[in-house]
file my_file03.tsv (TSV, C-alpha atoms)
chain	number	residue	atom	x	y	z
A	1000	MET	CA	2.20	51.64	1.76
A	1001	THR	CA	2.17	51.23	5.54
A	1002	THR	CA	-1.37	49.88	5.36
A	1003	VAL	CA	-0.40	47.32	2.70
A	1004	ILE	CA	2.59	46.11	4.70
A	1005	GLU	CA	0.51	45.84	7.85
A	1006	ASP	CA	-2.17	43.88	5.96
A	1007	ARG	CA	0.44	41.42	4.71
A	1008	ARG	CA	1.74	40.94	8.24
A	1009	VAL	CA	-1.76	40.21	9.51
A	1010	ARG	CA	-2.37	37.67	6.76
A	1011	ALA	CA	0.97	35.99	7.43
A	1012	ARG	CA	0.21	35.86	11.15
A	1013	ASP	CA	-3.24	34.36	10.49
A	1014	ALA	CA	-1.80	31.81	8.05
A	1015	LEU	CA	0.73	30.44	10.54
A	1016	PRO	CA	-1.75	28.47	12.71
A	1017	ALA	CA	-3.20	26.87	9.55
A	1018	ARG	CA	0.26	25.80	8.40
A	1019	ASN	CA	1.05	24.41	11.82
A	1020	PHE	CA	-2.25	22.52	11.83
A	1021	TYR	CA	-1.32	20.53	8.74
A	1022	PHE	CA	2.13	19.84	10.14
A	1023	GLN	CA	0.52	18.53	13.33
A	1024	MET	CA	-1.89	16.40	11.29
A	1025	SER	CA	1.01	14.92	9.34
A	1026	LEU	CA	2.67	13.97	12.63
A	1027	ALA	CA	-0.58	12.30	13.72
A	1028	CYS	CA	-0.70	10.34	10.45
A	1029	ALA	CA	2.93	9.22	10.80
A	1030	ALA	CA	2.41	8.20	14.43
A	1031	THR	CA	-0.73	6.24	13.50
A	1032	ALA	CA	1.13	4.44	10.72
A	1033	PHE	CA	4.06	3.53	12.96
A	1034	LEU	CA	2.08	2.52	16.04
A	1035	GLY	CA	-0.45	0.62	13.94
A	1036	PHE	CA	2.17	-1.64	12.42
A	1037	ALA	CA	4.27	-1.87	15.60
A	1038	PRO	CA	2.75	-5.11	16.97
A	1039	THR	CA	2.71	-6.99	13.67
A	1040	TYR	CA	5.73	-5.58	11.83
A	1041	TRP	CA	8.13	-3.25	13.63
A	1042	VAL	CA	8.41	-5.20	16.90
A	1043	PRO	CA	8.69	-8.64	15.22
A	1044	LEU	CA	11.16	-7.15	12.73
A	1045	ALA	CA	13.31	-5.76	15.55
A	1046	SER	CA	13.24	-9.11	17.34
A	1047	ARG	CA	14.00	-10.94	14.07
A	1048	THR	CA	10.83	-13.01	14.26
A	1049	PHE	CA	9.16	-11.52	11.18
A	1050	SER	CA	9.55	-13.26	7.85
A	1051	ALA	CA	8.18	-12.00	4.55
A	1052	SER	CA	9.16	-11.68	0.91
A	1053	PRO	CA	11.41	-8.77	-0.11
A	1054	MET	CA	8.47	-7.31	-2.03
A	1055	ILE	CA	6.41	-6.98	1.16
A	1056	HIS	CA	9.32	-5.33	2.96
A	1057	PHE	CA	9.80	-2.85	0.12
A	1058	HIS	CA	6.05	-2.19	0.05
A	1059	GLY	CA	6.16	-1.36	3.78
A	1060	PHE	CA	9.26	0.77	3.31
A	1061	LEU	CA	7.60	2.86	0.60
A	1062	PHE	CA	4.41	3.46	2.55
A	1063	PHE	CA	6.20	4.41	5.75
A	1064	THR	CA	8.53	6.65	3.76
A	1065	TRP	CA	5.41	8.40	2.50
A	1066	SER	CA	4.42	9.16	6.10
A	1067	LEU	CA	7.81	10.74	6.75
A	1068	TYR	CA	7.72	12.56	3.42
A	1069	PHE	CA	4.34	14.07	4.31
A	1070	VAL	CA	5.76	15.29	7.62
A	1071	VAL	CA	8.74	16.93	5.88
A	1072	GLN	CA	6.53	18.58	3.25
A	1073	THR	CA	4.11	20.06	5.78
A	1074	TRP	CA	7.05	21.21	7.91
A	1075	LEU	CA	8.58	22.99	4.90
A	1076	ALA	CA	5.26	24.68	4.17
A	1077	ALA	CA	4.73	25.62	7.82
A	1078	SER	CA	8.19	27.15	8.05
A	1079	GLY	CA	7.69	29.19	4.89
A	1080	ARG	CA	10.14	27.21	2.73
A	1081	ILE	CA	7.71	27.06	-0.17
A	1082	VAL	CA	10.44	26.83	-2.83
A	1083	ASN	CA	11.90	23.76	-1.13
A	1084	HIS	CA	8.40	22.37	-0.64
A	1085	ARG	CA	7.68	22.59	-4.36
A	1086	ALA	CA	11.07	21.19	-5.34
A	1087	LEU	CA	10.58	18.16	-3.09
A	1088	GLY	CA	7.15	17.67	-4.61
A	1089	ILE	CA	8.81	16.12	-7.66
A	1090	ALA	CA	10.16	13.35	-5.43
A	1091	GLY	CA	6.65	12.90	-4.06
A	1092	VAL	CA	5.33	12.11	-7.53
A	1093	SER	CA	7.93	9.37	-7.93
A	1094	LEU	CA	7.23	8.02	-4.44
A	1095	ALA	CA	3.45	7.95	-4.97
A	1096	THR	CA	3.95	6.19	-8.32
A	1097	ALA	CA	6.12	3.54	-6.69
A	1098	MET	CA	3.56	3.13	-3.90
A	1099	THR	CA	0.80	2.56	-6.44
A	1100	ILE	CA	2.82	-0.08	-8.29
A	1101	PHE	CA	3.93	-1.95	-5.19
A	1102	GLY	CA	0.53	-1.57	-3.56
A	1103	PHE	CA	-0.92	-3.45	-6.52
A	1104	LEU	CA	1.86	-6.06	-6.37
A	1105	ALA	CA	1.22	-6.54	-2.64
A	1106	SER	CA	-2.45	-7.17	-3.45
A	1107	VAL	CA	-1.44	-9.88	-5.90
A	1108	HIS	CA	0.92	-11.34	-3.29
A	1109	VAL	CA	-1.98	-11.59	-0.82
A	1110	MET	CA	-3.96	-13.56	-3.36
A	1111	GLN	CA	-1.03	-15.86	-4.08
A	1112	HIS	CA	-0.40	-16.46	-0.38
A	1113	SER	CA	-4.09	-17.15	0.23
A	1114	ALA	CA	-4.19	-19.61	-2.66
A	1115	ALA	CA	-1.17	-21.42	-1.20
A	1116	LEU	CA	-3.13	-21.77	2.07
A	1117	GLY	CA	-6.11	-23.23	0.23
A	1118	GLN	CA	-8.14	-20.02	0.58
A	1119	LYS	CA	-8.04	-18.81	-3.00
A	1120	GLU	CA	-11.56	-17.37	-3.11
A	1121	ALA	CA	-11.12	-15.58	0.22
A	1122	GLY	CA	-7.89	-14.06	-1.05
A	1123	ILE	CA	-9.54	-12.90	-4.27
A	1124	ALA	CA	-12.40	-11.33	-2.30
A	1125	PHE	CA	-10.05	-9.55	0.12
A	1126	SER	CA	-7.82	-8.22	-2.66
A	1127	ILE	CA	-10.40	-5.52	-3.34
A	1128	VAL	CA	-9.42	-3.83	-0.08
A	1129	PRO	CA	-5.79	-3.02	-0.94
A	1130	MET	CA	-6.54	-2.52	-4.63
A	1131	SER	CA	-9.34	-0.02	-4.06
A	1132	GLY	CA	-7.33	1.65	-1.31
A	1133	ILE	CA	-4.27	2.30	-3.46
A	1134	ALA	CA	-6.48	3.36	-6.39
A	1135	PHE	CA	-8.23	5.92	-4.17
A	1136	PHE	CA	-4.90	7.19	-2.85
A	1137	ALA	CA	-3.50	7.54	-6.36
A	1138	GLY	CA	-6.60	9.35	-7.62
A	1139	VAL	CA	-6.59	11.84	-4.75
A	1140	PHE	CA	-2.84	12.40	-5.13
A	1141	VAL	CA	-3.25	13.18	-8.84
A	1142	LEU	CA	-5.97	15.70	-7.98
A	1143	ALA	CA	-3.67	17.27	-5.39
A	1144	ILE	CA	-0.89	17.66	-7.96
A	1145	MET	CA	-3.35	19.20	-10.43
A	1146	ASN	CA	-4.25	21.78	-7.76
A	1147	THR	CA	-0.79	22.83	-6.62
A	1148	ARG	CA	-1.63	26.43	-7.56
A	1149	LYS	CA	-4.71	26.29	-5.33
A	1150	PRO	CA	-3.15	25.72	-1.90
A	1151	GLU	CA	-6.43	25.54	0.03
A	1152	ILE	CA	-7.51	22.63	-2.16
A	1153	HIS	CA	-4.05	21.08	-2.52
A	1154	LYS	CA	-3.26	20.75	1.17
A	1155	ARG	CA	-6.66	19.26	1.96
A	1156	LEU	CA	-6.34	16.71	-0.82
A	1157	MET	CA	-2.88	15.75	0.45
A	1158	LEU	CA	-4.27	15.22	3.94
A	1159	LEU	CA	-7.13	13.16	2.49
A	1160	ALA	CA	-4.62	11.00	0.60
A	1161	ALA	CA	-2.57	10.45	3.76
A	1162	VAL	CA	-5.61	9.52	5.85
A	1163	SER	CA	-7.01	7.19	3.18
A	1164	ILE	CA	-4.18	4.67	3.64
A	1165	LEU	CA	-4.17	4.64	7.45
A	1166	ASP	CA	-6.93	2.03	7.78
A	1167	ALA	CA	-4.39	-0.72	7.11
A	1168	ALA	CA	-2.33	0.36	10.13
A	1169	ILE	CA	-5.38	0.76	12.37
A	1170	ALA	CA	-6.70	-2.63	11.25
A	1171	ARG	CA	-3.57	-4.29	12.69
A	1172	TRP	CA	-4.64	-3.21	16.18
A	1173	PHE	CA	-8.15	-4.50	15.58
A	1174	LEU	CA	-6.80	-7.86	14.41
A	1175	THR	CA	-4.17	-8.09	17.16
A	1176	PHE	CA	-6.19	-7.06	20.20
A	1177	LEU	CA	-9.88	-7.39	19.29
A	1178	ALA	CA	-10.27	-10.17	16.73
A	1179	PRO	CA	-10.58	-13.73	18.02
A	1180	PRO	CA	-7.78	-16.07	16.95
A	1181	GLY	CA	-8.53	-17.88	13.74
A	1182	PRO	CA	-6.90	-19.79	10.90
A	1183	PRO	CA	-4.19	-18.07	8.84
A	1184	GLY	CA	-5.39	-16.27	5.78
A	1185	PRO	CA	-7.09	-13.03	4.77
A	1186	PRO	CA	-9.75	-11.63	7.11
A	1187	PRO	CA	-13.33	-11.11	5.93
A	1188	VAL	CA	-13.79	-7.90	3.96
A	1189	PRO	CA	-16.43	-6.43	6.36
A	1190	VAL	CA	-13.90	-6.19	9.22
A	1191	THR	CA	-11.99	-3.53	7.28
A	1192	ILE	CA	-14.86	-1.04	7.54
A	1193	ALA	CA	-14.40	-0.21	11.24
A	1194	PRO	CA	-10.69	0.74	10.90
A	1195	ALA	CA	-11.62	3.03	8.00
A	1196	MET	CA	-14.19	4.72	10.23
A	1197	VAL	CA	-11.55	5.25	12.91
A	1198	ALA	CA	-9.11	6.71	10.37
A	1199	SER	CA	-11.80	9.11	9.14
A	1200	LEU	CA	-11.86	10.71	12.61
A	1201	LEU	CA	-8.75	12.61	11.55
A	1202	LEU	CA	-10.78	14.13	8.74
A	1203	VAL	CA	-13.55	14.95	11.20
A	1204	LEU	CA	-10.97	16.83	13.26
A	1205	ALA	CA	-9.94	18.76	10.15
A	1206	MET	CA	-13.59	19.55	9.40
A	1207	VAL	CA	-14.09	20.90	12.91
A	1208	ARG	CA	-11.01	23.07	12.50
A	1209	ASP	CA	-12.40	24.38	9.19
A	1210	TRP	CA	-15.75	25.15	10.81
A	1211	ARG	CA	-14.17	27.05	13.68
A	1212	THR	CA	-11.70	29.07	11.59
A	1213	GLU	CA	-13.48	29.44	8.23
A	1214	GLY	CA	-17.11	29.27	9.30
A	1215	ARG	CA	-17.71	26.36	6.93
A	1216	VAL	CA	-16.29	22.95	6.03
A	1217	HIS	CA	-14.30	22.91	2.80
A	1218	PRO	CA	-15.95	20.86	0.02
A	1219	VAL	CA	-12.80	18.77	-0.37
A	1220	TYR	CA	-13.30	17.31	3.10
A	1221	VAL	CA	-17.02	16.70	2.65
A	1222	THR	CA	-16.77	15.11	-0.79
A	1223	GLY	CA	-13.50	13.36	-0.06
A	1224	ALA	CA	-14.57	11.83	3.24
A	1225	LEU	CA	-17.86	10.60	1.79
A	1226	ALA	CA	-16.07	9.13	-1.23
A	1227	MET	CA	-13.45	7.43	0.94
A	1228	LEU	CA	-16.00	5.85	3.24
A	1229	ALA	CA	-18.17	4.85	0.27
A	1230	VAL	CA	-15.24	2.96	-1.22
A	1231	LYS	CA	-14.53	1.17	2.07
A	1232	VAL	CA	-18.19	0.19	2.57
A	1233	LEU	CA	-18.84	-0.84	-1.04
A	1234	ASN	CA	-15.79	-3.11	-0.98
A	1235	TRP	CA	-17.91	-5.64	0.92
A	1236	PRO	CA	-20.76	-6.23	-1.56
A	1237	ILE	CA	-18.52	-5.82	-4.62
A	1238	SER	CA	-16.00	-8.37	-3.30
A	1239	GLU	CA	-18.74	-11.02	-3.36
A	1240	THR	CA	-19.75	-10.45	-6.98
A	1241	THR	CA	-18.89	-12.73	-9.87
A	1242	ALA	CA	-17.50	-9.76	-11.76
A	1243	TRP	CA	-14.90	-9.03	-9.08
A	1244	HIS	CA	-13.88	-12.67	-8.74
A	1245	SER	CA	-13.46	-12.88	-12.52
A	1246	PHE	CA	-11.41	-9.68	-12.61
A	1247	ALA	CA	-9.15	-10.37	-9.64
A	1248	GLY	CA	-9.00	-14.08	-10.41
A	1249	GLY	CA	-7.74	-13.21	-13.88
A	1250	ILE	CA	-4.97	-11.10	-12.40
A	1251	LEU	CA	-4.03	-13.96	-10.09
A	1252	ALA	CA	-3.95	-16.41	-13.01
A	1253	LEU	CA	-1.59	-14.10	-14.91
A	1254	ALA	CA	0.69	-13.82	-11.86
A	1255	GLN	CA	0.99	-17.57	-11.33

call {"tool": "encode", "arguments": {"input": "my_file03.tsv", "output": "structure tokens"}}
result
Amino acid sequence: MTTVIEDRRVRARDALPARNFYFQMSLACAATAFLGFAPTYWVPLASRTFSASPMIHFHGFLFFTWSLYFVVQTWLAASGRIVNHRALGIAGVSLATAMTIFGFLASVHVMQHSAALGQKEAGIAFSIVPMSGIAFFAGVFVLAIMNTRKPEIHKRLMLLAAVSILDAAIARWFLTFLAPPGPPGPPPVPVTIAPAMVASLLLVLAMVRDWRTEGRVHPVYVTGALAMLAVKVLNWPISETTAWHSFAGGILALAQ
């Protein structure tokens, strides 16, 4: 009996750094989301110089709420409050569903705004970025929910989902400080690849941690990171196809 109790204590002690790691990663994701949108949303909003439709504001509210939700969930897990963690997971399903819906609506709004600026085709091409991004997030989240009884898979899928939507925040810094000034309207699809690469560095950090503590990189990170980057890179050629313009253009026609 003493040996069993001691073994449990050792496993609990060894599990604590892993739990703290995911809490720290959630803080990094939340900080990236906030700082990324600071120059184009939070600061202008605080100074009352930002104007957008209520739908865009609600879209931003949902996505930033997700960042905070992810922090709370990893904190609950790290502190051993697993019952509370699971109970709050139900709210996460509702939040992720709302994010998917409003992420799609925001994509349509981008197309409508671009069309109003006389850049309809550019808006249709760019719409693949937010649409594919929210579709990837939703797919990974569903897989995470399906694997709640497999914590090693579940927590890695949740981190993958959180990282997959950070490229939008990182892109704001690219556009604000690195991109040359240009006419209003959607940016070219290829410029979204670099921010996705930067966001993936968080997954690289998680892979390194896996390698050092487990002796191998978990397949979720390998497959997930490759899939995420493949989506971001393939957005470029697909956005220029007739098939995509017919699909997204049809959605825009229905919305107008």

call {"tool": "residues_around", "arguments": {"input": "my_file03.tsv", "residues": "range 1117-1120 of chain A", "least_positions_apart": "2", "cutoff": "12 Å", "atoms": "all atoms listed in the file", "output": "number ranges by chain"}}
result
A: 1107-1115, 1122-1127, 1182-1187, 1238-1241, 1243-1245, 1247-1248, 1251-1252

call {"tool": "closest_residue", "arguments": {"input": "my_file03.tsv", "among": "A:Ala1029, A:Ile1164, A:Ala1229, A:Val1207", "to": "Ala1134 in chain A", "atoms": "all atoms listed in the file"}}
result
A:Ile1164

call {"tool": "closest_residue", "arguments": {"input": "my_file03.tsv", "among": "A:Tyr1068, A:Trp1041, A:Trp1074, A:Phe1057", "to": "Leu1104 in chain A", "atoms": "only C-alpha atoms"}}
result
A:Phe1057

call {"tool": "residues_near_point", "arguments": {"input": "my_file03.tsv", "point": "(-7.6, 6.9, 10.7)", "cutoff": "7 Å", "atoms": "only C-alpha atoms", "output": "NGL selection string"}}
result
:A and (1162 or 1165-1166 or 1169 or 1194-1201)

call {"tool": "closest_residue", "arguments": {"input": "my_file03.tsv", "among": "A:Ile1133, A:Val1128, A:Ile1055, A:Ala1167", "to": "Thr1099 in chain A", "atoms": "all atoms listed in the file"}}
result
A:Ile1133

call {"tool": "residues_around", "arguments": {"input": "my_file03.tsv", "residues": "range 1142-1153 of chain A", "least_positions_apart": "5", "cutoff": "9 Å", "atoms": "all atoms listed in the file", "output": "VMD selection string"}}
result
chain A and resid 1085 1088 1092 1137 1158 1160 1217 to 1219

call {"tool": "atom_distance", "arguments": {"input": "my_file03.tsv", "atom1": "CA of Thr1096 in chain A", "atom2": "CA of Pro1053 in chain A"}}
result
18.6 Å

call {"tool": "atom_distance", "arguments": {"input": "my_file03.tsv", "atom1": "CA of Leu1026 in chain A", "atom2": "CA of Val1070 in chain A"}}
result
6.0 Å

call {"tool": "atom_distance", "arguments": {"input": "my_file03.tsv", "atom1": "CA of Ala1105 in chain A", "atom2": "CA of Gly1059 in chain A"}}
result
9.6 Å

call {"tool": "closest_residue", "arguments": {"input": "my_file03.tsv", "among": "A:Asn1234, A:Ser1025, A:Thr1031, A:Thr1212", "to": "Lys1154 in chain A", "atoms": "all atoms listed in the file"}}
result
A:Ser1025

call {"tool": "residues_around", "arguments": {"input": "my_file03.tsv", "residues": "Thr1175 in chain A", "least_positions_apart": "3", "cutoff": "8 Å", "atoms": "all atoms listed in the file", "output": "VMD selection string"}}
result
chain A and resid 1038 to 1039 1171 to 1172 1178

call {"tool": "closest_residue", "arguments": {"input": "my_file03.tsv", "among": "A:Val1216, A:Val1190, A:Met1130, A:Ala1076", "to": "Ile1250 in chain A", "atoms": "all atoms listed in the file"}}
result
A:Met1130

call {"tool": "residues_near_point", "arguments": {"input": "my_file03.tsv", "point": "(6.1, -1.6, -1.1)", "cutoff": "8 Å", "atoms": "all atoms listed in the file", "output": "VMD selection string"}}
result
chain A and resid 1054 to 1062 1097 to 1098 1101 to 1102 1105

call {"tool": "build_atoms", "arguments": {"input": "my_file03.tsv", "residues": "range 1070-1086 of chain A", "atoms": "N, CA, C and O atoms", "output": "mmCIF file, in the frame of the given file"}}
result
data_model
loop_
_atom_site.group_PDB
_atom_site.id
_atom_site.type_symbol
_atom_site.label_atom_id
_atom_site.label_comp_id
_atom_site.auth_asym_id
_atom_site.auth_seq_id
_atom_site.Cartn_x
_atom_site.Cartn_y
_atom_site.Cartn_z
ATOM 1 N N VAL A 1070 5.343 14.467 6.482
ATOM 2 C CA VAL A 1070 5.760 15.290 7.620
ATOM 3 C C VAL A 1070 6.744 16.368 7.155
ATOM 4 O O VAL A 1070 6.612 17.552 7.504
ATOM 5 N N VAL A 1071 7.733 15.968 6.361
ATOM 6 C CA VAL A 1071 8.740 16.930 5.880
ATOM 7 C C VAL A 1071 8.087 18.010 5.030
ATOM 8 O O VAL A 1071 8.387 19.204 5.171
ATOM 9 N N GLN A 1072 7.182 17.606 4.135
ATOM 10 C CA GLN A 1072 6.530 18.580 3.250
ATOM 11 C C GLN A 1072 5.681 19.591 4.024
ATOM 12 O O GLN A 1072 5.691 20.784 3.719
ATOM 13 N N THR A 1073 4.934 19.121 4.993
ATOM 14 C CA THR A 1073 4.110 20.060 5.780
ATOM 15 C C THR A 1073 4.990 20.943 6.661
ATOM 16 O O THR A 1073 4.642 22.103 6.909
ATOM 17 N N TRP A 1074 6.122 20.398 7.119
ATOM 18 C CA TRP A 1074 7.050 21.210 7.910
ATOM 19 C C TRP A 1074 7.658 22.324 7.050
ATOM 20 O O TRP A 1074 7.763 23.479 7.478
ATOM 21 N N LEU A 1075 8.037 21.983 5.812
ATOM 22 C CA LEU A 1075 8.580 22.990 4.900
ATOM 23 C C LEU A 1075 7.561 24.088 4.635
ATOM 24 O O LEU A 1075 7.899 25.277 4.628
ATOM 25 N N ALA A 1076 6.307 23.680 4.420
ATOM 26 C CA ALA A 1076 5.260 24.680 4.170
ATOM 27 C C ALA A 1076 5.012 25.528 5.406
ATOM 28 O O ALA A 1076 4.853 26.753 5.319
ATOM 29 N N ALA A 1077 4.993 24.894 6.575
ATOM 30 C CA ALA A 1077 4.730 25.620 7.820
ATOM 31 C C ALA A 1077 5.845 26.601 8.156
ATOM 32 O O ALA A 1077 5.593 27.655 8.758
ATOM 33 N N SER A 1078 7.062 26.275 7.748
ATOM 34 C CA SER A 1078 8.190 27.150 8.050
ATOM 35 C C SER A 1078 8.447 28.176 6.946
ATOM 36 O O SER A 1078 9.435 28.912 6.993
ATOM 37 N N GLY A 1079 7.569 28.195 5.945
ATOM 38 C CA GLY A 1079 7.690 29.190 4.890
ATOM 39 C C GLY A 1079 8.669 28.848 3.784
ATOM 40 O O GLY A 1079 8.932 29.674 2.905
ATOM 41 N N ARG A 1080 9.186 27.625 3.775
ATOM 42 C CA ARG A 1080 10.140 27.210 2.730
ATOM 43 C C ARG A 1080 9.367 26.653 1.528
ATOM 44 O O ARG A 1080 9.483 25.472 1.187
ATOM 45 N N ILE A 1081 8.597 27.492 0.901
ATOM 46 C CA ILE A 1081 7.710 27.060 -0.170
ATOM 47 C C ILE A 1081 8.496 26.587 -1.392
ATOM 48 O O ILE A 1081 8.096 25.631 -2.067
ATOM 49 N N VAL A 1082 9.622 27.251 -1.690
ATOM 50 C CA VAL A 1082 10.440 26.830 -2.830
ATOM 51 C C VAL A 1082 10.940 25.403 -2.635
ATOM 52 O O VAL A 1082 10.878 24.570 -3.545
ATOM 53 N N ASN A 1083 11.428 25.110 -1.432
ATOM 54 C CA ASN A 1083 11.900 23.760 -1.130
ATOM 55 C C ASN A 1083 10.744 22.759 -1.146
ATOM 56 O O ASN A 1083 10.888 21.622 -1.587
ATOM 57 N N HIS A 1084 9.603 23.212 -0.648
ATOM 58 C CA HIS A 1084 8.400 22.370 -0.640
ATOM 59 C C HIS A 1084 8.030 21.946 -2.052
ATOM 60 O O HIS A 1084 7.741 20.777 -2.309
ATOM 61 N N ARG A 1085 8.039 22.897 -2.973
ATOM 62 C CA ARG A 1085 7.680 22.590 -4.360
ATOM 63 C C ARG A 1085 8.738 21.726 -5.034
ATOM 64 O O ARG A 1085 8.411 20.843 -5.820
ATOM 65 N N ALA A 1086 9.998 21.986 -4.733
ATOM 66 C CA ALA A 1086 11.070 21.190 -5.340
ATOM 67 C C ALA A 1086 10.987 19.734 -4.890
ATOM 68 O O ALA A 1086 11.157 18.801 -5.696
#
